[in-house]
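Peer 1: This is entry27.cif, which holds mmCIF, C-alpha atoms:
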```cif
data_start
loop_
_atom_site.label_atom_id
_atom_site.label_comp_id
_atom_site.auth_asym_id
_atom_site.auth_seq_id
_atom_site.Cartn_x
_atom_site.Cartn_y
_atom_site.Cartn_z
CA MET G 1 -146.96 -115.28 263.02
CA THR G 2 -149.19 -112.50 261.72
CA ASP G 3 -147.32 -112.54 258.46
CA TYR G 4 -147.98 -116.13 257.53
CA ILE G 5 -150.47 -115.28 254.79
CA GLU G 6 -148.44 -113.26 252.37
CA SER G 7 -151.25 -111.79 250.30
CA LEU G 8 -153.00 -110.54 253.46
CA GLN G 9 -149.78 -108.94 254.63
CA VAL G 10 -149.25 -107.30 251.24
CA LEU G 11 -152.77 -105.90 251.29
CA ALA G 12 -152.32 -104.53 254.83
CA GLU G 13 -149.11 -102.83 253.70
CA GLN G 14 -151.00 -101.18 250.86
CA PHE G 15 -153.54 -99.77 253.30
CA ALA G 16 -150.78 -98.65 255.66
CA ARG G 17 -149.29 -96.65 252.79
CA LEU G 18 -152.30 -94.31 252.85
CA LYS G 19 -151.99 -91.12 254.88
CA GLY G 20 -153.13 -91.40 258.49
CA VAL G 21 -153.57 -95.19 258.45
CA GLY G 22 -151.63 -97.06 261.14
CA ARG G 23 -150.51 -100.70 261.09
CA LYS G 24 -153.40 -102.02 263.21
CA SER G 25 -156.02 -100.15 261.20
CA ALA G 26 -154.42 -101.35 257.98
CA MET G 27 -154.64 -104.98 259.11
CA ARG G 28 -158.24 -104.52 260.20
CA MET G 29 -159.10 -103.08 256.80
CA ALA G 30 -157.32 -105.95 255.04
CA PHE G 31 -159.48 -108.39 257.05
CA SER G 32 -162.52 -106.35 256.08
CA VAL G 33 -161.68 -106.84 252.42
CA LEU G 34 -161.76 -110.62 252.95
CA GLU G 35 -165.33 -110.27 254.19
CA LEU G 36 -166.42 -108.67 250.92
CA ASP G 37 -167.70 -111.00 248.24
CA GLU G 38 -165.72 -111.42 245.03
CA GLU G 39 -167.80 -108.88 243.10
CA GLN G 40 -167.46 -106.23 245.83
CA ALA G 41 -163.70 -106.76 245.99
CA ARG G 42 -163.54 -106.34 242.22
CA ALA G 43 -165.57 -103.10 242.48
CA PHE G 44 -163.12 -101.83 245.12
CA ALA G 45 -160.07 -102.64 243.01
CA ASP G 46 -161.67 -101.06 239.95
CA ALA G 47 -162.62 -97.92 241.90
CA ILE G 48 -158.96 -97.39 242.79
CA MET G 49 -157.85 -97.57 239.17
CA ASP G 50 -160.81 -95.54 237.90
CA ALA G 51 -160.15 -92.72 240.33
CA LYS G 52 -156.43 -92.81 239.66
CA THR G 53 -156.75 -92.73 235.86
CA SER G 54 -159.73 -90.36 235.50
CA ILE G 55 -158.81 -87.68 238.05
CA HIS G 56 -156.18 -85.04 237.35
CA LYS G 57 -155.47 -81.45 238.28
CA CYS G 58 -157.41 -78.61 236.66
CA PRO G 59 -154.92 -76.78 234.40
CA ILE G 60 -156.28 -73.42 235.57
CA CYS G 61 -156.61 -73.64 239.35
CA GLY G 62 -155.09 -76.98 240.39
CA ASN G 63 -158.39 -78.34 241.75
CA LEU G 64 -159.03 -82.04 241.10
CA THR G 65 -161.30 -82.93 238.21
CA ASP G 66 -162.25 -85.70 235.82
CA LYS G 67 -163.10 -83.14 233.10
CA ASP G 68 -160.80 -80.90 231.00
CA VAL G 69 -161.32 -78.02 233.43
CA CYS G 70 -162.74 -78.26 236.96
CA TYR G 71 -166.39 -77.50 237.70
CA VAL G 72 -165.53 -74.18 239.37
CA CYS G 73 -163.40 -72.85 236.51
CA SER G 74 -165.93 -74.00 233.91
CA ASP G 75 -168.83 -72.30 235.75
CA LEU G 76 -169.47 -68.99 233.98
CA ALA G 77 -171.44 -67.72 236.97
CA ARG G 78 -168.32 -67.65 239.18
CA ASP G 79 -166.58 -64.32 239.70
CA THR G 80 -163.09 -64.69 238.23
CA SER G 81 -161.96 -61.38 239.69
CA VAL G 82 -161.72 -62.95 243.15
CA ILE G 83 -159.28 -65.83 243.71
CA CYS G 84 -159.28 -67.81 246.94
CA VAL G 85 -155.88 -69.43 247.56
CA VAL G 86 -155.98 -72.73 249.45
CA GLU G 87 -153.31 -75.25 250.45
CA ASP G 88 -155.15 -78.29 249.17
CA VAL G 89 -158.31 -79.57 247.55
CA LYS G 90 -159.76 -80.61 250.91
CA ALA G 91 -159.72 -76.94 252.00
CA LEU G 92 -161.38 -75.98 248.72
CA MET G 93 -164.12 -78.53 249.33
CA SER G 94 -164.66 -77.20 252.87
CA ILE G 95 -165.16 -73.66 251.55
CA GLU G 96 -167.47 -74.90 248.78
CA LYS G 97 -169.66 -76.60 251.38
CA VAL G 98 -170.48 -73.20 252.89
CA ARG G 99 -172.08 -72.21 249.54
CA GLU G 100 -171.25 -68.58 250.20
CA TYR G 101 -168.14 -68.03 248.11
CA LYS G 102 -168.76 -67.17 244.46
CA GLY G 103 -165.20 -66.53 243.28
CA VAL G 104 -162.69 -69.00 241.88
CA TYR G 105 -159.79 -70.86 243.53
CA HIS G 106 -156.09 -71.46 243.30
CA VAL G 107 -154.73 -74.63 244.91
CA LEU G 108 -151.11 -74.37 246.09
CA HIS G 109 -150.78 -78.12 246.77
CA GLY G 110 -148.91 -77.48 249.99
CA ALA G 111 -147.54 -74.66 252.14
CA ILE G 112 -144.07 -73.17 252.39
CA SER G 113 -142.13 -75.23 254.93
CA PRO G 114 -138.33 -74.86 254.80
CA VAL G 115 -137.96 -77.54 257.49
CA ASN G 116 -139.63 -80.08 255.20
CA GLY G 117 -137.81 -78.79 252.12
CA ILE G 118 -140.94 -77.19 250.65
CA THR G 119 -139.73 -73.96 249.10
CA PRO G 120 -142.03 -71.51 247.23
CA ASP G 121 -140.97 -72.90 243.85
CA LYS G 122 -142.40 -76.32 244.80
CA LEU G 123 -145.88 -74.79 245.08
CA THR G 124 -148.04 -73.23 242.36
CA ILE G 125 -147.23 -69.67 243.45
CA LYS G 126 -145.70 -68.78 240.07
CA GLU G 127 -148.91 -69.91 238.35
CA LEU G 128 -150.90 -67.75 240.78
CA MET G 129 -148.82 -64.69 239.90
CA GLU G 130 -149.39 -65.38 236.19
CA ARG G 131 -153.15 -65.69 236.71
CA VAL G 132 -153.26 -62.44 238.64
CA GLY G 133 -151.10 -60.72 236.02
CA GLU G 134 -153.06 -61.94 233.00
CA ASN G 135 -156.58 -61.53 234.30
CA ASP G 136 -158.49 -58.69 235.86
CA VAL G 137 -158.15 -59.93 239.42
CA LYS G 138 -159.34 -57.51 242.11
CA GLU G 139 -158.89 -59.56 245.26
CA VAL G 140 -156.90 -62.57 246.41
CA ILE G 141 -158.20 -64.22 249.59
CA VAL G 142 -155.35 -66.19 251.12
CA ALA G 143 -157.11 -69.07 252.89
CA THR G 144 -154.03 -71.08 253.85
CA ASN G 145 -154.30 -72.95 257.16
CA PRO G 146 -153.90 -70.98 260.43
CA THR G 147 -150.59 -72.76 261.13
CA GLN G 148 -147.05 -71.47 261.05
CA ASP G 149 -146.46 -72.80 257.52
CA GLY G 150 -149.80 -71.39 256.38
CA GLU G 151 -148.91 -67.97 257.83
CA VAL G 152 -145.52 -67.91 256.19
CA THR G 153 -147.12 -68.84 252.86
CA ALA G 154 -149.74 -66.11 253.25
CA MET G 155 -147.05 -63.50 254.05
CA TYR G 156 -145.00 -64.62 251.06
CA ILE G 157 -147.93 -64.35 248.65
CA SER G 158 -149.13 -60.98 249.95
CA LYS G 159 -145.59 -59.59 249.69
CA TYR G 160 -145.59 -60.33 245.96
CA LEU G 161 -149.16 -59.36 245.17
CA LYS G 162 -149.56 -56.10 247.09
CA PRO G 163 -147.06 -54.15 244.94
CA ILE G 164 -149.12 -55.05 241.82
CA GLY G 165 -152.08 -53.29 243.44
CA VAL G 166 -154.18 -56.37 244.14
CA LYS G 167 -156.20 -56.44 247.34
CA VAL G 168 -154.93 -59.35 249.46
CA THR G 169 -157.08 -60.58 252.33
CA ARG G 170 -156.85 -63.35 254.91
CA LEU G 171 -159.66 -65.32 256.57
CA ALA G 172 -160.73 -63.81 259.91
CA TYR G 173 -159.29 -65.36 263.06
CA GLY G 174 -161.52 -65.82 266.04
CA ILE G 175 -163.42 -68.18 268.23
CA PRO G 176 -165.33 -70.89 266.36
CA VAL G 177 -169.10 -70.38 266.28
CA GLY G 178 -170.87 -72.60 268.78
CA SER G 179 -167.77 -73.14 270.90
CA ASP G 180 -167.15 -72.21 274.51
CA LEU G 181 -164.83 -69.34 275.51
CA GLU G 182 -163.55 -71.49 278.35
CA TYR G 183 -161.95 -73.90 275.90
CA ALA G 184 -160.55 -71.39 273.42
CA ASP G 185 -156.74 -71.35 273.41
CA GLU G 186 -154.97 -68.15 274.36
CA VAL G 187 -153.61 -67.34 270.91
CA THR G 188 -157.02 -67.70 269.28
CA LEU G 189 -158.68 -65.66 272.01
CA GLY G 190 -155.99 -62.98 271.68
CA ARG G 191 -156.65 -62.75 267.94
CA ALA G 192 -160.39 -62.68 268.53
CA ILE G 193 -160.02 -59.74 270.90
CA ALA G 194 -157.68 -57.91 268.52
CA GLY G 195 -160.08 -58.45 265.64
CA ARG G 196 -163.22 -57.40 267.52
CA ARG G 197 -165.73 -55.38 265.56
CA ASP G 198 -168.71 -53.14 266.14
CA VAL G 199 -172.05 -54.80 266.67
CA MET W 1 -170.40 -80.02 246.06
CA THR W 2 -168.11 -82.67 247.51
CA ASP W 3 -169.58 -85.24 245.18
CA TYR W 4 -168.76 -83.54 241.92
CA ILE W 5 -166.01 -86.01 240.96
CA GLU W 6 -167.85 -89.26 240.60
CA SER W 7 -164.89 -91.63 240.57
CA LEU W 8 -163.52 -90.07 243.79
CA GLN W 9 -166.90 -90.43 245.42
CA VAL W 10 -167.17 -94.06 244.31
CA LEU W 11 -163.72 -94.81 245.73
CA ALA W 12 -164.59 -93.13 249.05
CA GLU W 13 -167.74 -95.25 249.24
CA GLN W 14 -165.64 -98.37 248.75
CA PHE W 15 -163.41 -97.41 251.67
CA ALA W 16 -166.44 -96.52 253.80
CA ARG W 17 -167.72 -100.06 253.23
CA LEU W 18 -164.82 -101.45 255.29
CA LYS W 19 -165.46 -102.09 258.97
CA GLY W 20 -164.67 -99.20 261.27
CA VAL W 21 -164.08 -96.68 258.48
CA GLY W 22 -166.23 -93.53 258.69
CA ARG W 23 -167.17 -91.18 255.89
CA LYS W 24 -164.47 -88.61 256.62
CA SER W 25 -161.71 -91.21 256.90
CA ALA W 26 -162.94 -92.83 253.70
CA MET W 27 -162.70 -89.55 251.80
CA ARG W 28 -159.24 -88.89 253.24
CA MET W 29 -158.09 -92.33 252.10
CA ALA W 30 -159.58 -91.77 248.64
CA PHE W 31 -157.53 -88.57 248.38
CA SER W 32 -154.50 -90.51 249.52
CA VAL W 33 -154.94 -92.93 246.64
CA LEU W 34 -154.75 -90.01 244.20
CA GLU W 35 -151.35 -89.16 245.62
CA LEU W 36 -150.00 -92.61 244.77
CA ASP W 37 -148.37 -92.97 241.38
CA GLU W 38 -149.99 -95.16 238.74
CA GLU W 39 -147.84 -98.18 239.56
CA GLN W 40 -148.58 -97.98 243.29
CA ALA W 41 -152.30 -97.65 242.62
CA ARG W 42 -152.11 -100.73 240.41
CA ALA W 43 -150.27 -102.63 243.17
CA PHE W 44 -153.00 -101.64 245.63
CA ALA W 45 -155.80 -102.78 243.32
CA ASP W 46 -153.97 -106.04 242.61
CA ALA W 47 -153.36 -106.67 246.33
CA ILE W 48 -157.11 -106.52 246.95
CA MET W 49 -157.86 -109.11 244.30
CA ASP W 50 -154.87 -111.29 245.24
CA ALA W 51 -155.90 -111.42 248.89
CA LYS W 52 -159.53 -112.02 247.99
CA THR W 53 -158.85 -114.86 245.55
CA SER W 54 -155.97 -116.61 247.36
CA ILE W 55 -157.26 -116.56 250.94
CA HIS W 56 -159.96 -118.94 252.15
CA LYS W 57 -160.97 -120.69 255.36
CA CYS W 58 -159.04 -123.74 256.58
CA PRO W 59 -161.43 -126.71 256.20
CA ILE W 60 -160.35 -128.06 259.59
CA CYS W 61 -160.33 -125.10 261.97
CA GLY W 62 -161.74 -122.13 260.02
CA ASN W 63 -158.51 -120.13 260.22
CA LEU W 64 -157.62 -118.09 257.14
CA THR W 65 -155.06 -119.59 254.78
CA ASP W 66 -153.77 -119.45 251.24
CA LYS W 67 -152.85 -123.18 251.40
CA ASP W 68 -155.06 -126.30 251.44
CA VAL W 69 -154.90 -126.44 255.23
CA CYS W 70 -153.80 -123.60 257.54
CA TYR W 71 -150.27 -123.46 258.96
CA VAL W 72 -151.45 -124.47 262.44
CA CYS W 73 -153.39 -127.54 261.33
CA SER W 74 -150.58 -128.63 258.99
CA ASP W 75 -147.95 -128.31 261.76
CA LEU W 76 -147.34 -131.83 263.11
CA ALA W 77 -145.71 -130.41 266.25
CA ARG W 78 -148.99 -128.88 267.44
CA ASP W 79 -150.95 -130.74 270.10
CA THR W 80 -154.28 -131.70 268.50
CA SER W 81 -155.69 -132.86 271.83
CA VAL W 82 -156.12 -129.24 272.91
CA ILE W 83 -158.45 -126.98 270.90
CA CYS W 84 -158.60 -123.26 271.53
CA VAL W 85 -161.95 -121.81 270.44
CA VAL W 86 -161.83 -118.20 269.24
CA GLU W 87 -164.43 -115.86 267.79
CA ASP W 88 -162.36 -114.74 264.85
CA VAL W 89 -159.00 -114.99 263.12
CA LYS W 90 -157.79 -111.74 264.70
CA ALA W 91 -158.09 -113.35 268.13
CA LEU W 92 -156.23 -116.42 266.83
CA MET W 93 -153.42 -114.21 265.57
CA SER W 94 -153.23 -112.43 268.92
CA ILE W 95 -152.82 -115.74 270.76
CA GLU W 96 -150.23 -116.94 268.23
CA LYS W 97 -148.16 -113.82 268.89
CA VAL W 98 -147.65 -114.89 272.51
CA ARG W 99 -145.86 -118.03 271.25
CA GLU W 100 -147.00 -119.92 274.33
CA TYR W 101 -149.91 -121.95 273.05
CA LYS W 102 -149.01 -125.24 271.33
CA GLY W 103 -152.48 -126.67 270.67
CA VAL W 104 -154.75 -126.13 267.68
CA TYR W 105 -157.66 -123.75 267.10
CA HIS W 106 -161.29 -123.62 266.17
CA VAL W 107 -162.61 -120.36 264.74
CA LEU W 108 -166.32 -119.73 265.38
CA HIS W 109 -166.51 -116.73 263.03
CA GLY W 110 -168.65 -114.82 265.48
CA ALA W 111 -170.31 -115.15 268.87
CA ILE W 112 -173.85 -116.02 269.86
CA SER W 113 -175.86 -112.80 269.84
CA PRO W 114 -179.64 -113.23 269.72
CA VAL W 115 -180.09 -109.43 269.45
CA ASN W 116 -178.13 -109.44 266.19
CA GLY W 117 -179.77 -112.62 264.98
CA ILE W 118 -176.63 -114.71 265.46
CA THR W 119 -177.88 -118.05 266.73
CA PRO W 120 -175.57 -121.01 267.53
CA ASP W 121 -176.30 -122.62 264.13
CA LYS W 122 -174.80 -119.59 262.35
CA LEU W 123 -171.42 -120.33 263.98
CA THR W 124 -169.12 -123.34 263.52
CA ILE W 125 -170.19 -124.92 266.82
CA LYS W 126 -171.50 -128.05 265.10
CA GLU W 127 -168.12 -128.52 263.41
CA LEU W 128 -166.44 -128.09 266.81
CA MET W 129 -168.59 -130.84 268.32
CA GLU W 130 -167.72 -133.13 265.43
CA ARG W 131 -164.00 -132.44 265.85
CA VAL W 132 -164.19 -133.15 269.56
CA GLY W 133 -166.21 -136.32 268.91
CA GLU W 134 -163.98 -137.71 266.18
CA ASN W 135 -160.58 -136.92 267.66
CA ASP W 136 -158.97 -137.61 271.00
CA VAL W 137 -159.53 -134.13 272.39
CA LYS W 138 -158.67 -133.69 276.07
CA GLU W 139 -159.27 -130.01 276.56
CA VAL W 140 -161.18 -127.21 274.89
CA ILE W 141 -160.05 -123.71 275.84
CA VAL W 142 -162.89 -121.31 275.15
CA ALA W 143 -161.15 -118.04 274.30
CA THR W 144 -164.17 -116.06 273.18
CA ASN W 145 -164.03 -112.34 273.94
CA PRO W 146 -164.72 -111.24 277.55
CA THR W 147 -167.97 -109.62 276.47
CA GLN W 148 -171.56 -110.64 277.11
CA ASP W 149 -171.84 -112.39 273.72
CA GLY W 150 -168.50 -114.10 274.29
CA GLU W 151 -169.58 -115.32 277.74
CA VAL W 152 -172.88 -116.64 276.42
CA THR W 153 -171.03 -118.48 273.67
CA ALA W 154 -168.58 -119.96 276.18
CA MET W 155 -171.42 -121.15 278.41
CA TYR W 156 -173.22 -122.67 275.44
CA ILE W 157 -170.14 -124.58 274.30
CA SER W 158 -169.23 -125.83 277.77
CA LYS W 159 -172.79 -127.01 278.34
CA TYR W 160 -172.50 -129.30 275.31
CA LEU W 161 -168.92 -130.46 275.82
CA LYS W 162 -168.85 -131.21 279.54
CA PRO W 163 -171.26 -134.18 279.37
CA ILE W 164 -168.92 -135.82 276.83
CA GLY W 165 -166.19 -135.73 279.44
CA VAL W 166 -164.01 -133.10 277.82
CA LYS W 167 -162.25 -130.59 280.04
CA VAL W 168 -163.53 -127.13 279.15
CA THR W 169 -161.54 -124.11 280.28
CA ARG W 170 -161.86 -120.38 279.87
CA LEU W 171 -159.08 -117.80 279.68
CA ALA W 172 -158.27 -116.28 283.08
CA TYR W 173 -159.53 -112.83 283.79
CA GLY W 174 -156.33 -111.04 283.17
CA ILE W 175 -157.97 -109.59 280.10
CA PRO W 176 -159.98 -106.43 280.84
CA VAL W 177 -163.72 -107.08 280.70
CA GLY W 178 -165.53 -105.39 277.82
CA SER W 179 -162.47 -105.15 275.62
CA ASP W 180 -161.49 -106.97 272.45
CA LEU W 181 -158.86 -109.75 272.26
CA GLU W 182 -157.31 -108.03 269.28
CA TYR W 183 -156.12 -105.15 271.46
CA ALA W 184 -154.84 -107.19 274.42
CA ASP W 185 -151.12 -106.79 275.04
CA GLU W 186 -149.00 -109.90 274.84
CA VAL W 187 -148.08 -110.14 278.54
CA THR W 188 -151.69 -109.91 279.66
CA LEU W 189 -152.70 -112.45 277.08
CA GLY W 190 -149.87 -114.76 278.17
CA ARG W 191 -151.01 -114.59 281.81
CA ALA W 192 -154.55 -115.26 280.74
CA ILE W 193 -153.50 -118.42 278.93
CA ALA W 194 -151.40 -119.66 281.87
CA GLY W 195 -154.20 -118.98 284.37
CA ARG W 196 -157.06 -120.56 282.42
CA ARG W 197 -159.67 -122.19 284.66
CA ASP W 198 -162.45 -124.79 284.58
CA VAL W 199 -165.85 -123.54 283.49
#
```
Take the structure in the file and give it back as structure tokens.
Peer 2:
Amino acid sequence: MTDYIESLQVLAEQFARLKGVGRKSAMRMAFSVLELDEEQARAFADAIMDAKTSIHKCPICGNLTDKDVCYVCSDLARDTSVICVVEDVKALMSIEKVREYKGVYHVLHGAISPVNGITPDKLTIKELMERVGENDVKEVIVATNPTQDGEVTAMYISKYLKPIGVKVTRLAYGIPVGSDLEYADEVTLGRAIAGRRDV
Amino acid sequence: MTDYIESLQVLAEQFARLKGVGRKSAMRMAFSVLELDEEQARAFADAIMDAKTSIHKCPICGNLTDKDVCYVCSDLARDTSVICVVEDVKALMSIEKVREYKGVYHVLHGAISPVNGITPDKLTIKELMERVGENDVKEVIVATNPTQDGEVTAMYISKYLKPIGVKVTRLAYGIPVGSDLEYADEVTLGRAIAGRRDV
């Protein structure tokens, strides 16, 4: 009889629609909404519509923005000769947090995954090629995820860019800083050994 | 620079306001909203306001309802001489799922917890006493959570009800101590109802 209050059920279904939210969590969140006062609930509902209507993709790099062009592309201090290619905006935000990268980005909005029907033409790879062709790009850092799909995507991109004479690099593989060798998986450790460098 | 898009940040904060949602989950959910189409986002926003405006507490038992009186209290087939006291509506829903209990409920909306400033007068204990006094109640099943606060609440209630001559019972310990009724599986909960004992 959990579904006796229709509007509660509907709300839980809306939460369950979000990525990574299960049925139990969705119901708990729906209950949480009932504990908000009317004004807070209104603020929540408005925030959803505000975000949805104000945020769109940057026409240059595919990053999310509420301006004409995203804050990275509109920053004249950024080095446009280096493009970091990421799968999604969350990866872009992770790299930005490091505050070490001064180049610009290109968001693919996914990774090549034939199993899931994601072919190269479904990503923004064509737009990347155009950017590289039109601008004086010296290096493309392919920062796709260290997964099979990410690797395939990286290989695909480098295959097209290398002949043009652009330097294509990939993030270093290795053991995470602050971790314990004992818990590193064999593949990672193998890569870390292969990629060892002089101290 | 994660907070450069204000409306996304505002939305994430709204999600983070919900119980049990951390900052990272909130941001992930905010991103998820951006992936909805306009119509879906509108449905989500509407669902929040619909639930908030249509759902209120049942004036008899404190259960949530979108009617004048909740579906349990308005069901003439339910045995009003047995009241099951629960901490919250989630616990009520868990017991309803077993389809074994035919009495009515009383929702306390919390448990006595002096540490958190929740004294008996902050709960609906007074209303429970009135219900027991006014109606021909034979048994009160105290189904508060098997936690310290739940036990204290059960003791408090039984102390007041026993002198009136009402049978006060507690769910059998089939439910794991320290857990939450919401997560109890139906078989365990069914056994606990069948094996309830005098306090």
Peer 1: Do a neighbour search on Glu134 (chain W) at 12 Å with only C-alpha atoms, toss out local chain neighbours closer than 5 positions, and write the hits as a list in words.
Peer 2: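 Final neighbour list, sorted by chain and number: Thr80, Ser81, Glu127, Leu128, Met129 and Ile164 of chain W.
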Peer 1: Written as a list of chain:residue names, which residues does the PyMOL selection byres ((chain G) within 6 of (chain W)) give for the file shown?
Peer 2: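 Checking the PyMOL selection byres ((chain G) within 6 of (chain W)) against this file, the residues are G:Thr2, G:Ser7, G:Leu8, G:Leu11, G:Gln14, G:Leu18, G:Lys19, G:Ser32, G:Leu34, G:Phe44, G:Ala45, G:Ala47, G:Ala51, G:Lys52.
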Peer 1: Could you work out how far CA of Gly165 (chain W) lies from CA of Thr153 (chain W), giving the answer in Å with one decimal?
Peer 2: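 Interatomic distance here is 18.8 Å.
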Peer 1: Give as a ChimeraX atom specification the residues that the PyMOL selection byres ((chain W and resi 83) around 9) matches when applied to the coordinates above.
Peer 2: /W:79-82,84-85,103-106,132,137-142
Peer 1: From the list G:Gln148, G:Lys126, G:Glu100, G:Ala77, which residue is nearest Ile112 (chain G) when using all atoms listed in the file?
Peer 2: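 The closest residue to Ile112 (chain G) is G:Gln148.
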Peer 1: Skipping near chain neighbours, those fewer than 3 positions away, what residues fall within 12 Å of Pro120 (chain W) using only C-alpha atoms, listed as number ranges by chain?
Peer 2: W: 108-114, 116-117, 123-128, 149-150, 152-157, 160
Peer 1: For C-alpha atoms, I'd like the residues from the last selection saved as a short mmCIF file (atom, residue, chain, number, x, y, z; two decimals), keeping the file's coordinate frame.
Peer 2:
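For reference, selection_16.cif as written:
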```
data_model
loop_
_atom_site.label_atom_id
_atom_site.label_comp_id
_atom_site.auth_asym_id
_atom_site.auth_seq_id
_atom_site.Cartn_x
_atom_site.Cartn_y
_atom_site.Cartn_z
CA LEU W 108 -166.32 -119.73 265.38
CA HIS W 109 -166.51 -116.73 263.03
CA GLY W 110 -168.65 -114.82 265.48
CA ALA W 111 -170.31 -115.15 268.87
CA ILE W 112 -173.85 -116.02 269.86
CA SER W 113 -175.86 -112.80 269.84
CA PRO W 114 -179.64 -113.23 269.72
CA ASN W 116 -178.13 -109.44 266.19
CA GLY W 117 -179.77 -112.62 264.98
CA LEU W 123 -171.42 -120.33 263.98
CA THR W 124 -169.12 -123.34 263.52
CA ILE W 125 -170.19 -124.92 266.82
CA LYS W 126 -171.50 -128.05 265.10
CA GLU W 127 -168.12 -128.52 263.41
CA LEU W 128 -166.44 -128.09 266.81
CA ASP W 149 -171.84 -112.39 273.72
CA GLY W 150 -168.50 -114.10 274.29
CA VAL W 152 -172.88 -116.64 276.42
CA THR W 153 -171.03 -118.48 273.67
CA ALA W 154 -168.58 -119.96 276.18
CA MET W 155 -171.42 -121.15 278.41
CA TYR W 156 -173.22 -122.67 275.44
CA ILE W 157 -170.14 -124.58 274.30
CA TYR W 160 -172.50 -129.30 275.31
#
```
Peer 1: Around all the atoms of region 48-58 of chain G listed in the file, draw an axis-aligned box and extend it by 4 Å on each of the six sides; I want its centre and edge lengths in Å to one decimal, as JSON.
Peer 2:
```
{"center_x": -158.1, "center_y": -88.1, "center_z": 239.1, "size_x": 13.3, "size_y": 27.0, "size_z": 15.3}
```
Peer 1: Would you please work out which residue, of W:Asn63, W:Thr119, W:Thr188, W:Thr169, is nearest to Ala143 (chain W) when using only C-alpha atoms?
Peer 2: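 Smallest separation from Ala143 (chain W) among the options: W:Thr169.
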Peer 1: State, in Å with one decimal place, the distance from CA of Lys167 (chain W) to CA of Arg78 (chain W).
Peer 2: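 Computing it gives 18.4 Å between the two atoms.
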Peer 1: Go through W:Leu76, W:Val107, W:Lys102, W:Val86 one by one, measure the shortest atom-to-atom distance of each to Cys58 (chain W) using all atoms listed in the file, and give the residue with the smallest value.
Peer 2: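 The shortest atom-to-atom distance to Cys58 (chain W) comes from W:Val107.
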